[in-house]
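S.K.: File follows, entry11.pdb with PDB, C-alpha atoms:
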```
ATOM      1  CA  MET P   1      99.043 122.910  62.123
ATOM      2  CA  ARG P   2     101.942 124.901  63.467
ATOM      3  CA  ASN P   3      99.803 126.293  66.308
ATOM      4  CA  VAL P   4      98.595 122.823  67.285
ATOM      5  CA  LEU P   5     102.187 121.619  67.251
ATOM      6  CA  THR P   6     103.280 124.467  69.525
ATOM      7  CA  VAL P   7     100.404 123.942  71.967
ATOM      8  CA  LEU P   8     101.097 120.197  72.205
ATOM      9  CA  ARG P   9     104.831 120.753  72.553
ATOM     10  CA  VAL P  10     104.486 123.337  75.331
ATOM     11  CA  ALA P  11     101.794 121.361  77.168
ATOM     12  CA  LEU P  12     103.947 118.220  77.216
ATOM     13  CA  ALA P  13     107.022 120.251  78.172
ATOM     14  CA  ILE P  14     105.144 121.568  81.236
ATOM     15  CA  VAL P  15     104.046 118.046  82.165
ATOM     16  CA  PHE P  16     107.590 116.649  81.929
ATOM     17  CA  LEU P  17     109.157 119.591  83.761
ATOM     18  CA  TYR P  18     106.598 119.346  86.558
ATOM     19  CA  ALA P  19     107.060 115.556  86.805
ATOM     20  CA  ALA P  20     110.834 116.031  87.055
ATOM     21  CA  TYR P  21     110.444 118.795  89.658
ATOM     22  CA  THR P  22     108.215 116.687  91.935
ATOM     23  CA  LYS P  23     110.733 113.840  91.835
ATOM     24  CA  LEU P  24     113.914 115.881  92.187
ATOM     25  CA  ARG P  25     112.656 117.748  95.250
ATOM     26  CA  GLN P  26     112.279 114.417  97.092
ATOM     27  CA  PRO P  27     115.132 112.080  98.086
ATOM     28  CA  TRP P  28     115.889 109.872  95.077
ATOM     29  CA  LEU P  29     115.788 106.701  97.190
ATOM     30  CA  LEU P  30     112.054 107.236  97.741
ATOM     31  CA  PHE P  31     111.501 107.363  93.999
ATOM     32  CA  ALA P  32     113.604 104.203  93.666
ATOM     33  CA  MET P  33     111.262 102.564  96.211
ATOM     34  CA  SER P  34     108.285 103.600  94.067
ATOM     35  CA  ILE P  35     109.853 101.965  91.014
ATOM     36  CA  ASP P  36     110.662  98.855  93.024
ATOM     37  CA  ALA P  37     107.029  98.652  94.190
ATOM     38  CA  TYR P  38     105.993  97.866  90.590
ATOM     39  CA  GLN P  39     107.896  94.556  91.010
ATOM     40  CA  ILE P  40     109.223  94.505  87.468
ATOM     41  CA  LEU P  41     112.887  95.379  87.832
ATOM     42  CA  PRO P  42     115.611  94.001  90.095
ATOM     43  CA  GLU P  43     116.626  96.249  92.964
ATOM     44  CA  TRP P  44     119.824  97.530  91.306
ATOM     45  CA  ALA P  45     117.832  98.573  88.217
ATOM     46  CA  ALA P  46     115.206 100.341  90.365
ATOM     47  CA  LEU P  47     118.007 102.217  92.133
ATOM     48  CA  THR P  48     119.663 103.192  88.837
ATOM     49  CA  LEU P  49     116.377 104.306  87.307
ATOM     50  CA  GLY P  50     115.520 106.218  90.483
ATOM     51  CA  HIS P  51     118.654 108.263  89.864
ATOM     52  CA  ILE P  52     118.315 108.695  86.093
ATOM     53  CA  LEU P  53     114.605 109.008  85.307
ATOM     54  CA  PRO P  54     113.906 112.432  86.860
ATOM     55  CA  TRP P  55     116.858 113.916  84.938
ATOM     56  CA  LEU P  56     115.657 112.263  81.729
ATOM     57  CA  GLU P  57     112.230 113.828  82.282
ATOM     58  CA  LEU P  58     113.888 117.197  82.895
ATOM     59  CA  ALA P  59     115.933 116.895  79.698
ATOM     60  CA  LEU P  60     112.853 115.920  77.670
ATOM     61  CA  GLY P  61     110.906 118.800  79.194
ATOM     62  CA  LEU P  62     113.621 121.288  78.259
ATOM     63  CA  LEU P  63     113.946 119.900  74.718
ATOM     64  CA  LEU P  64     110.176 120.071  74.226
ATOM     65  CA  ALA P  65     110.029 123.593  75.668
ATOM     66  CA  THR P  66     112.709 124.879  73.319
ATOM     67  CA  GLY P  67     111.555 122.832  70.332
ATOM     68  CA  PHE P  68     115.133 121.731  69.705
ATOM     69  CA  ALA P  69     115.418 118.272  68.050
ATOM     70  CA  LEU P  70     111.643 118.055  68.245
ATOM     71  CA  ARG P  71     111.271 114.795  66.339
ATOM     72  CA  TYR P  72     113.659 113.003  68.678
ATOM     73  CA  SER P  73     112.229 114.521  71.841
ATOM     74  CA  ALA P  74     108.658 113.743  70.704
ATOM     75  CA  VAL P  75     109.597 110.113  70.012
ATOM     76  CA  GLY P  76     111.392 109.945  73.382
ATOM     77  CA  ALA P  77     108.372 111.380  75.204
ATOM     78  CA  THR P  78     106.005 108.957  73.455
ATOM     79  CA  LEU P  79     108.176 105.956  74.269
ATOM     80  CA  LEU P  80     108.515 107.026  77.902
ATOM     81  CA  LEU P  81     104.793 107.734  78.326
ATOM     82  CA  GLY P  82     103.977 104.457  76.556
ATOM     83  CA  LEU P  83     106.229 102.620  78.984
ATOM     84  CA  PHE P  84     104.671 104.375  81.996
ATOM     85  CA  PHE P  85     101.182 103.568  80.755
ATOM     86  CA  ALA P  86     102.020  99.901  80.174
ATOM     87  CA  VAL P  87     103.534  99.352  83.633
ATOM     88  CA  MET P  88     100.682 101.202  85.323
ATOM     89  CA  LEU P  89      98.124  99.154  83.416
ATOM     90  CA  ARG P  90      99.919  95.965  84.430
ATOM     91  CA  ALA P  91      99.967  97.003  88.105
ATOM     92  CA  TYR P  92      96.274  97.895  88.010
ATOM     93  CA  ALA P  93      95.332  94.646  86.259
ATOM     94  CA  LEU P  94      97.254  92.680  88.893
ATOM     95  CA  GLY P  95      95.392  94.533  91.651
ATOM     96  CA  MET P  96      98.580  96.030  93.078
ATOM     97  CA  LYS P  97      97.852  98.762  95.608
ATOM     98  CA  ILE P  98     100.803 100.999  94.877
ATOM     99  CA  ASP P  99     101.620 104.622  94.238
ATOM    100  CA  CYS P 100     101.691 105.799  90.650
ATOM    101  CA  ALA P 101     104.724 108.020  91.480
ATOM    102  CA  CYS P 102     103.947 110.068  88.373
ATOM    103  CA  PHE P 103     103.969 113.450  90.105
ATOM    104  CA  GLY P 104     105.393 112.899  93.558
ATOM    105  CA  PHE P 105     103.929 110.484  96.086
ATOM    106  CA  GLY P 106     100.585 109.595  97.601
ATOM    107  CA  GLU P 107      98.661 109.047  94.384
ATOM    108  CA  ALA P 108      97.418 105.479  94.062
ATOM    109  CA  ILE P 109      97.097 103.853  90.631
ATOM    110  CA  GLY P 110      93.458 103.871  89.568
ATOM    111  CA  PRO P 111      91.157 104.680  86.663
ATOM    112  CA  ALA P 112      91.858 108.417  87.012
ATOM    113  CA  THR P 113      95.649 108.075  86.832
ATOM    114  CA  LEU P 114      95.355 105.608  83.946
ATOM    115  CA  ALA P 115      93.024 107.941  82.044
ATOM    116  CA  ARG P 116      95.385 110.868  82.612
ATOM    117  CA  ASP P 117      98.412 108.906  81.392
ATOM    118  CA  GLY P 118      96.437 107.583  78.445
ATOM    119  CA  ILE P 119      95.524 111.133  77.411
ATOM    120  CA  LEU P 120      99.147 112.254  77.786
ATOM    121  CA  LEU P 121     100.272 109.317  75.641
ATOM    122  CA  ALA P 122      97.715 110.215  72.955
ATOM    123  CA  LEU P 123      98.885 113.844  73.001
ATOM    124  CA  SER P 124     102.515 112.800  72.756
ATOM    125  CA  LEU P 125     101.743 110.436  69.883
ATOM    126  CA  SER P 126      99.907 113.254  68.088
ATOM    127  CA  LEU P 127     102.897 115.541  68.639
ATOM    128  CA  THR P 128     105.235 112.928  67.184
ATOM    129  CA  ILE P 129     103.057 112.460  64.081
ATOM    130  CA  LEU P 130     102.694 116.219  63.593
ATOM    131  CA  ALA P 131     106.438 116.781  64.097
ATOM    132  CA  PHE P 132     107.268 114.280  61.336
ATOM    133  CA  ARG P 133     104.515 115.581  59.039
ATOM    134  CA  SER P 134     105.546 119.208  59.424
ATOM    135  CA  GLY P 135     109.105 118.159  58.605
ATOM    136  CA  GLN P 136     107.901 116.417  55.426
ATOM    137  CA  ILE P 137     105.820 119.456  54.389
ATOM    138  CA  LEU P 138     108.813 121.715  54.961
ATOM    139  CA  ALA P 139     111.063 119.421  52.903
ATOM    140  CA  ALA P 140     108.479 119.218  50.092
ATOM    141  CA  SER P 141     108.110 123.009  49.963
ATOM    142  CA  GLN P 142     111.889 123.429  49.709
ATOM    143  CA  THR P 143     112.234 121.070  46.686
TER     144      THR P 143
ATOM    145  CA  MET Q   1      78.693 123.544 130.112
ATOM    146  CA  ARG Q   2      81.305 124.698 127.613
ATOM    147  CA  LYS Q   3      84.080 123.764 130.038
ATOM    148  CA  ILE Q   4      82.602 120.306 130.544
ATOM    149  CA  VAL Q   5      82.424 119.694 126.789
ATOM    150  CA  THR Q   6      86.008 120.943 126.326
ATOM    151  CA  ALA Q   7      87.190 118.778 129.203
ATOM    152  CA  PHE Q   8      85.404 115.768 127.699
ATOM    153  CA  PHE Q   9      87.079 116.232 124.325
ATOM    154  CA  LEU Q  10      90.471 116.821 125.933
ATOM    155  CA  LEU Q  11      90.028 113.631 127.931
ATOM    156  CA  LEU Q  12      89.029 111.730 124.776
ATOM    157  CA  ALA Q  13      92.062 113.090 122.905
ATOM    158  CA  ALA Q  14      94.334 112.150 125.813
ATOM    159  CA  LEU Q  15      92.864 108.646 125.891
ATOM    160  CA  CYS Q  16      93.411 108.273 122.139
ATOM    161  CA  ALA Q  17      96.999 109.523 122.448
ATOM    162  CA  TRP Q  18      97.543 107.040 125.250
ATOM    163  CA  GLY Q  19      96.016 104.337 123.081
ATOM    164  CA  ALA Q  20      98.387 105.178 120.228
ATOM    165  CA  GLN Q  21     101.295 105.038 122.672
ATOM    166  CA  LEU Q  22     100.248 101.518 123.625
ATOM    167  CA  ARG Q  23     100.470 100.571 119.952
ATOM    168  CA  SER Q  24     103.937 101.997 119.465
ATOM    169  CA  ARG Q  25     107.363 100.405 119.565
ATOM    170  CA  GLY Q  26     110.680 101.874 120.575
ATOM    171  CA  SER Q  27     111.710 105.071 122.250
ATOM    172  CA  SER Q  28     109.684 108.221 121.687
ATOM    173  CA  ASN Q  29     113.036 110.083 121.797
ATOM    174  CA  ALA Q  30     114.297 108.254 118.692
ATOM    175  CA  PRO Q  31     115.442 110.620 115.916
ATOM    176  CA  ILE Q  32     113.089 109.064 113.373
ATOM    177  CA  LEU Q  33     109.350 108.584 113.774
ATOM    178  CA  ILE Q  34     107.492 106.234 111.441
ATOM    179  CA  ASP Q  35     103.692 106.252 111.452
ATOM    180  CA  VAL Q  36     102.200 103.133 109.894
ATOM    181  CA  TYR Q  37      98.569 103.160 108.764
ATOM    182  CA  SER Q  38      97.405  99.649 108.096
ATOM    183  CA  ASP Q  39      94.429  97.342 107.832
ATOM    184  CA  PHE Q  40      94.630  93.807 109.273
ATOM    185  CA  GLN Q  41      92.641  92.386 106.358
ATOM    186  CA  CYS Q  42      94.769  93.967 103.622
ATOM    187  CA  PRO Q  43      97.235  91.517 101.964
ATOM    188  CA  ALA Q  44      99.769  94.292 101.216
ATOM    189  CA  CYS Q  45      99.746  95.213 104.936
ATOM    190  CA  LYS Q  46     100.507  91.592 105.801
ATOM    191  CA  MET Q  47     103.467  91.704 103.404
ATOM    192  CA  LEU Q  48     104.690  94.967 104.905
ATOM    193  CA  TYR Q  49     104.378  93.560 108.413
ATOM    194  CA  GLU Q  50     106.290  90.403 107.567
ATOM    195  CA  ARG Q  51     108.946  91.698 105.199
ATOM    196  CA  THR Q  52     109.586  95.259 106.334
ATOM    197  CA  LEU Q  53     108.372  96.041 109.841
ATOM    198  CA  GLY Q  54     109.945  92.918 111.370
ATOM    199  CA  PRO Q  55     113.510  93.670 110.219
ATOM    200  CA  LEU Q  56     112.939  97.415 110.798
ATOM    201  CA  ALA Q  57     112.074  96.724 114.424
ATOM    202  CA  TYR Q  58     115.138  94.549 114.877
ATOM    203  CA  ASP Q  59     117.623  96.888 113.152
ATOM    204  CA  TYR Q  60     116.343 100.312 114.185
ATOM    205  CA  VAL Q  61     113.454 100.298 116.658
ATOM    206  CA  GLU Q  62     115.137  98.145 119.270
ATOM    207  CA  LYS Q  63     118.334 100.193 118.897
ATOM    208  CA  GLY Q  64     116.505 103.430 119.687
ATOM    209  CA  LYS Q  65     116.868 104.917 116.186
ATOM    210  CA  VAL Q  66     113.244 104.657 115.069
ATOM    211  CA  TYR Q  67     109.996 105.135 116.955
ATOM    212  CA  LEU Q  68     107.292 103.080 115.262
ATOM    213  CA  VAL Q  69     103.648 104.038 115.790
ATOM    214  CA  HIS Q  70     100.848 101.838 114.478
ATOM    215  CA  HIS Q  71      97.577 103.419 113.423
ATOM    216  CA  GLU Q  72      94.476 101.448 112.597
ATOM    217  CA  PHE Q  73      93.085 102.245 109.167
ATOM    218  CA  PRO Q  74      90.442  99.576 108.449
ATOM    219  CA  LEU Q  75      89.084  99.971 104.940
ATOM    220  CA  PRO Q  76      85.293  99.798 104.463
ATOM    221  CA  MET Q  77      85.677  97.219 101.669
ATOM    222  CA  HIS Q  78      87.113  94.692 104.137
ATOM    223  CA  ALA Q  79      84.230  93.133 106.064
ATOM    224  CA  HIS Q  80      86.123  92.138 109.227
ATOM    225  CA  ALA Q  81      88.840  94.811 109.293
ATOM    226  CA  MET Q  82      87.068  97.094 111.773
ATOM    227  CA  GLU Q  83      86.424  94.220 114.171
ATOM    228  CA  ALA Q  84      90.071  93.146 113.909
ATOM    229  CA  ALA Q  85      91.236  96.718 114.570
ATOM    230  CA  CYS Q  86      89.004  96.915 117.678
ATOM    231  CA  TYR Q  87      90.352  93.609 118.989
ATOM    232  CA  ALA Q  88      93.943  94.752 118.397
ATOM    233  CA  CYS Q  89      93.293  98.030 120.219
ATOM    234  CA  ALA Q  90      91.619  96.147 123.035
ATOM    235  CA  ALA Q  91      94.622  93.809 123.211
ATOM    236  CA  SER Q  92      96.925  96.818 123.534
ATOM    237  CA  ARG Q  93      95.224  97.550 126.878
ATOM    238  CA  VAL Q  94      96.429  94.205 128.236
ATOM    239  CA  GLY Q  95      99.889  94.654 126.689
ATOM    240  CA  LYS Q  96      99.336  92.137 123.899
ATOM    241  CA  TYR Q  97      99.132  94.375 120.800
ATOM    242  CA  GLU Q  98     102.208  92.944 119.106
ATOM    243  CA  GLN Q  99     101.180  89.341 119.696
ATOM    244  CA  VAL Q 100      97.628  89.984 118.472
ATOM    245  CA  SER Q 101      98.865  91.884 115.409
ATOM    246  CA  ASP Q 102     101.163  88.993 114.653
ATOM    247  CA  VAL Q 103      98.438  86.339 114.821
ATOM    248  CA  LEU Q 104      95.979  88.503 112.856
ATOM    249  CA  PHE Q 105      98.469  88.952 110.019
ATOM    250  CA  ARG Q 106      99.716  85.356 110.124
ATOM    251  CA  GLN Q 107      96.213  83.916 109.933
ATOM    252  CA  GLN Q 108      94.740  86.703 107.790
ATOM    253  CA  GLU Q 109      93.460  84.437 105.019
ATOM    254  CA  ILE Q 110      91.616  82.203 107.497
ATOM    255  CA  TRP Q 111      89.706  84.795 109.553
ATOM    256  CA  ALA Q 112      89.134  87.000 106.524
ATOM    257  CA  ALA Q 113      87.291  84.066 104.955
ATOM    258  CA  ASN Q 114      85.384  82.721 107.960
ATOM    259  CA  GLY Q 115      85.026  85.947 109.984
ATOM    260  CA  LYS Q 116      86.305  84.339 113.188
ATOM    261  CA  VAL Q 117      88.315  87.304 114.464
ATOM    262  CA  ASP Q 118      87.483  86.606 118.101
ATOM    263  CA  GLU Q 119      88.646  82.993 117.870
ATOM    264  CA  THR Q 120      91.897  84.004 116.165
ATOM    265  CA  VAL Q 121      92.741  86.724 118.678
ATOM    266  CA  CYS Q 122      91.779  84.736 121.756
ATOM    267  CA  SER Q 123      93.826  81.720 120.634
ATOM    268  CA  ILE Q 124      96.990  83.453 121.839
ATOM    269  CA  LEU Q 125      95.553  84.978 125.034
ATOM    270  CA  THR Q 126      95.083  83.515 128.484
ATOM    271  CA  PRO Q 127      91.411  82.974 129.482
ATOM    272  CA  ALA Q 128      91.547  86.050 131.761
ATOM    273  CA  GLU Q 129      93.065  88.209 129.020
ATOM    274  CA  ALA Q 130      90.600  86.898 126.465
ATOM    275  CA  LYS Q 131      87.661  87.819 128.717
ATOM    276  CA  LYS Q 132      89.017  91.333 129.204
ATOM    277  CA  VAL Q 133      89.825  91.828 125.507
ATOM    278  CA  ARG Q 134      86.365  90.595 124.441
ATOM    279  CA  ALA Q 135      84.714  93.109 126.744
ATOM    280  CA  LEU Q 136      87.033  95.937 125.693
ATOM    281  CA  ALA Q 137      86.567  95.217 121.972
ATOM    282  CA  LYS Q 138      82.870  96.014 122.394
ATOM    283  CA  ASP Q 139      83.590  99.178 124.392
ATOM    284  CA  PRO Q 140      82.594 102.327 122.456
ATOM    285  CA  ALA Q 141      85.831 103.992 123.672
ATOM    286  CA  ILE Q 142      87.858 101.453 121.676
ATOM    287  CA  ALA Q 143      85.753 102.046 118.557
ATOM    288  CA  ALA Q 144      86.286 105.786 119.094
ATOM    289  CA  GLU Q 145      90.031 105.179 119.290
ATOM    290  CA  VAL Q 146      89.983 103.369 115.941
ATOM    291  CA  LYS Q 147      87.865 106.127 114.403
ATOM    292  CA  GLN Q 148      90.326 108.695 115.752
ATOM    293  CA  ASP Q 149      93.128 106.807 113.964
ATOM    294  CA  ILE Q 150      91.104 106.800 110.735
ATOM    295  CA  GLN Q 151      90.542 110.534 111.066
ATOM    296  CA  ALA Q 152      94.241 111.102 111.717
ATOM    297  CA  GLY Q 153      94.983 109.121 108.561
ATOM    298  CA  GLN Q 154      92.503 111.112 106.527
ATOM    299  CA  THR Q 155      94.079 114.328 107.810
ATOM    300  CA  ALA Q 156      97.464 112.984 106.719
ATOM    301  CA  GLN Q 157      95.909 112.236 103.287
ATOM    302  CA  VAL Q 158      96.230 108.485 103.657
ATOM    303  CA  ASN Q 159      94.313 107.026 100.726
ATOM    304  CA  GLN Q 160      95.545 103.455 100.698
ATOM    305  CA  THR Q 161      96.959 100.827 103.001
ATOM    306  CA  PRO Q 162      99.636 100.328 104.014
ATOM    307  CA  THR Q 163     100.961 103.872 104.239
ATOM    308  CA  MET Q 164     104.152 104.734 106.060
ATOM    309  CA  ILE Q 165     104.995 108.313 106.922
ATOM    310  CA  LEU Q 166     108.521 108.963 108.132
ATOM    311  CA  THR Q 167     109.267 112.109 110.120
ATOM    312  CA  TYR Q 168     112.826 113.296 110.581
ATOM    313  CA  ARG Q 169     113.743 116.753 111.861
ATOM    314  CA  ALA Q 170     110.178 117.992 111.356
ATOM    315  CA  LYS Q 171     110.231 116.949 107.688
ATOM    316  CA  GLN Q 172     107.791 114.291 106.538
ATOM    317  CA  TYR Q 173     108.416 111.684 103.854
ATOM    318  CA  ARG Q 174     105.776 109.347 102.511
ATOM    319  CA  ILE Q 175     107.391 105.948 102.045
ATOM    320  CA  PRO Q 176     106.206 104.250  98.859
ATOM    321  CA  GLY Q 177     106.338 100.460  98.689
ATOM    322  CA  GLY Q 178     107.976  98.247 101.223
ATOM    323  CA  ASN Q 179     111.416  97.295  99.956
ATOM    324  CA  TYR Q 180     113.337  97.013 103.192
ATOM    325  CA  ASP Q 181     116.809  97.231 101.620
ATOM    326  CA  ILE Q 182     116.055 100.593 100.003
ATOM    327  CA  LEU Q 183     114.257 101.835 103.122
ATOM    328  CA  ARG Q 184     117.308 100.894 105.169
ATOM    329  CA  ARG Q 185     119.564 102.858 102.819
ATOM    330  CA  PHE Q 186     117.245 105.832 103.154
ATOM    331  CA  ILE Q 187     117.170 105.665 106.970
ATOM    332  CA  ASP Q 188     120.963 105.272 107.110
ATOM    333  CA  GLN Q 189     121.334 108.276 104.822
ATOM    334  CA  LEU Q 190     119.103 110.372 107.094
ATOM    335  CA  LEU Q 191     120.894 109.268 110.245
ATOM    336  CA  SER Q 192     124.322 109.973 108.772
ATOM    337  CA  ASN Q 193     123.361 113.583 107.962
TER     338      ASN Q 193
END
```
Rewrite the structure of this file - the entire thing - as structure tokens.

M.R.:
Amino acid sequence: MRNVLTVLRVALAIVFLYAAYTKLRQPWLLFAMSIDAYQILPEWAALTLGHILPWLELALGLLLATGFALRYSAVGATLLLGLFFAVMLRAYALGMKIDCACFGFGEAIGPATLARDGILLALSLSLTILAFRSGQILAASQT
Amino acid sequence: MRKIVTAFFLLLAALCAWGAQLRSRGSSNAPILIDVYSDFQCPACKMLYERTLGPLAYDYVEKGKVYLVHHEFPLPMHAHAMEAACYACAASRVGKYEQVSDVLFRQQEIWAANGKVDETVCSILTPAEAKKVRALAKDPAIAAEVKQDIQAGQTAQVNQTPTMILTYRAKQYRIPGGNYDILRRFIDQLLSN
């Protein structure tokens, strides 16, 4: 179980670090435009999130890579990926022809991007469950 | 023979470049170049045209800060998009590209449903212009010009419409979405650097 946990943790860390890298190397206003294109948030919120989100992804990536506060970082990653998946699904269902903005620009939302995010969400959920279970096993062995 | 073929392709490329110039707005010496790939039958392109390109032209293109170049990128899933692109290109030869683009976007829902591209375009032209545009729209050179635009888009990895690519100091930025307020902030930020 420990090996599976490590593989999942490192894989998701790479994904989050790469996602943060692709966003931080571009002007943040372009990422804010991508968020705005989803037509969910008001402009000020899209601008704020355009600033914050890449750094949040970087922080999550680093936490997952080091394994520090794993339960919290796994829950954070699952919530974030769940949110991404939901907004992408909504955009696709509404027939919006917009960029996914998951890893940089120029990738339109479609079945492939949805499948990829769905898989990442499933992996993150598995990591969260395993992180809590391994904690319980550790606690049980200590008592 | 080789020289003739080379000369032919050079001439074709020059004609296409000239065609693109006819579909551009502003000064080619502007610090920012924006290439727009769009499809006249695409609803998102209509929105971009109305909400973003209009104010962009007023605030930046006419003031010599942005050079706007339109590229035709008719999508195969839109039945009348290619015909509309050919008519728009043909209209550029009589200096009426902007007016024809405007009427095609404004009446998009109508001609997209009934297929009357010719009627829509010619409604804003004089009889002499309409005659010339009709003939040009059927000219294989115009179709080649549209195909050249599609190829240019494919080379630039355009996979959806509308796509805007901004070039500033040899660096390219793909503009996602069409929020004009954020785009304006971005352009101002670039120009202030």

S.K.: Just the residues within 12 Å of Tyr72 (chain P), please, counting only C-alpha atoms, with nothing from its chain fewer than 4 positions along; format it as a ChimeraX atom specification.

M.R.: /P:59-60,63-64,67-68,76-79,124,127-129,131-132

S.K.: With all atoms listed in the file considered, list every residue of chain P at most 9 Å from chain Q, as a compact mmCIF listing (two decimals) with C-alpha atoms, in the coordinates of the input.

M.R.:
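Output (out00.txt):
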```
# COMPACT_ATOMS: atom_id res chain seq x y z
CA GLN P 26 112.28 114.42 97.09
CA PRO P 27 115.13 112.08 98.09
CA LEU P 29 115.79 106.70 97.19
CA LEU P 30 112.05 107.24 97.74
CA PHE P 31 111.50 107.36 94.00
CA ALA P 32 113.60 104.20 93.67
CA MET P 33 111.26 102.56 96.21
CA SER P 34 108.28 103.60 94.07
CA ILE P 35 109.85 101.96 91.01
CA ASP P 36 110.66 98.86 93.02
CA ALA P 37 107.03 98.65 94.19
CA TYR P 38 105.99 97.87 90.59
CA GLU P 43 116.63 96.25 92.96
CA LEU P 47 118.01 102.22 92.13
CA MET P 96 98.58 96.03 93.08
CA LYS P 97 97.85 98.76 95.61
CA ILE P 98 100.80 101.00 94.88
CA ASP P 99 101.62 104.62 94.24
CA ALA P 101 104.72 108.02 91.48
CA PHE P 105 103.93 110.48 96.09
CA GLY P 106 100.58 109.60 97.60
CA GLU P 107 98.66 109.05 94.38
CA ALA P 108 97.42 105.48 94.06
```

S.K.: Do you have the CA of Thr126 (chain Q)-CA of Tyr37 (chain Q) distance handy?

M.R.: 28.1 Å

S.K.: Point out the residue among Q:Val61, Q:Met47, Q:Ala91, Q:Val121 with the least atom-to-atom distance to Asn29 (chain Q), counting all atoms listed in the file.

M.R.: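 Of all the options, Q:Val61 lies closest to Asn29 (chain Q).
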
S.K.: Would you kindly identify which residues have an atom no farther than 12 Å from (97.4, 97.2, 125.6), using only C-alpha atoms and the file's own coordinates, and write them out as an NGL selection string?

M.R.: :Q and (18-24 or 86-101 or 129 or 132-133 or 136-137 or 142)

S.K.: For CA of Leu8 (chain P) and CA of Thr22 (chain P), determine how far apart the two atoms are, in Å to one decimal place.

M.R.: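 About the pair CA of Leu8 (chain P) and CA of Thr22 (chain P): they are 21.3 Å apart.
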
S.K.: Evaluating the PyMOL selection byres ((chain P and resi 18) around 12) on the displayed file yields which residues, as a list in words?

M.R.: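 Expected selection for the PyMOL selection byres ((chain P and resi 18) around 12) here is Ala11, Leu12, Ala13, Ile14, Val15, Phe16, Leu17, Ala19, Ala20, Tyr21, Thr22, Lys23, Leu24, Arg25, Pro54, Trp55, Glu57, Leu58, Ala59, Leu60, Gly61, Leu62, Cys102, Phe103 and Gly104 of chain P.
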
S.K.: So the first atom is CA of Leu104 (chain Q) and the second is CA of Phe40 (chain Q); what is the distance between them in Å, to one decimal place?

M.R.: 6.5 Å

S.K.: With all atoms listed in the file as the counted atoms, please give the residues lying no more than 9 Å from region 76-79 of chain Q, apart from itself and same-chain residues fewer than 5 positions off, as a list in words.

M.R.: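 Using all atoms listed in the file, the neighbours found are Asp39, Gln41, Cys42, Ala112 and Gly115 of chain Q.
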
S.K.: Enumerate, as an NGL selection string, the residues matched when the PyMOL selection byres ((chain Q and resi 66) around 6) is run on the file above.

M.R.: :Q and (30 or 32-33 or 60-61 or 64-65 or 67)

S.K.: Decode the PyMOL selection byres ((chain P and resi 88) around 9) for the given file into explicit residues and return them as a list in words.

M.R.: Tyr38, Leu83, Phe84, Phe85, Ala86, Val87, Leu89, Arg90, Ala91, Tyr92, Ala93, Cys100, Ile109, Gly110, Thr113, Leu114 and Asp117 of chain P
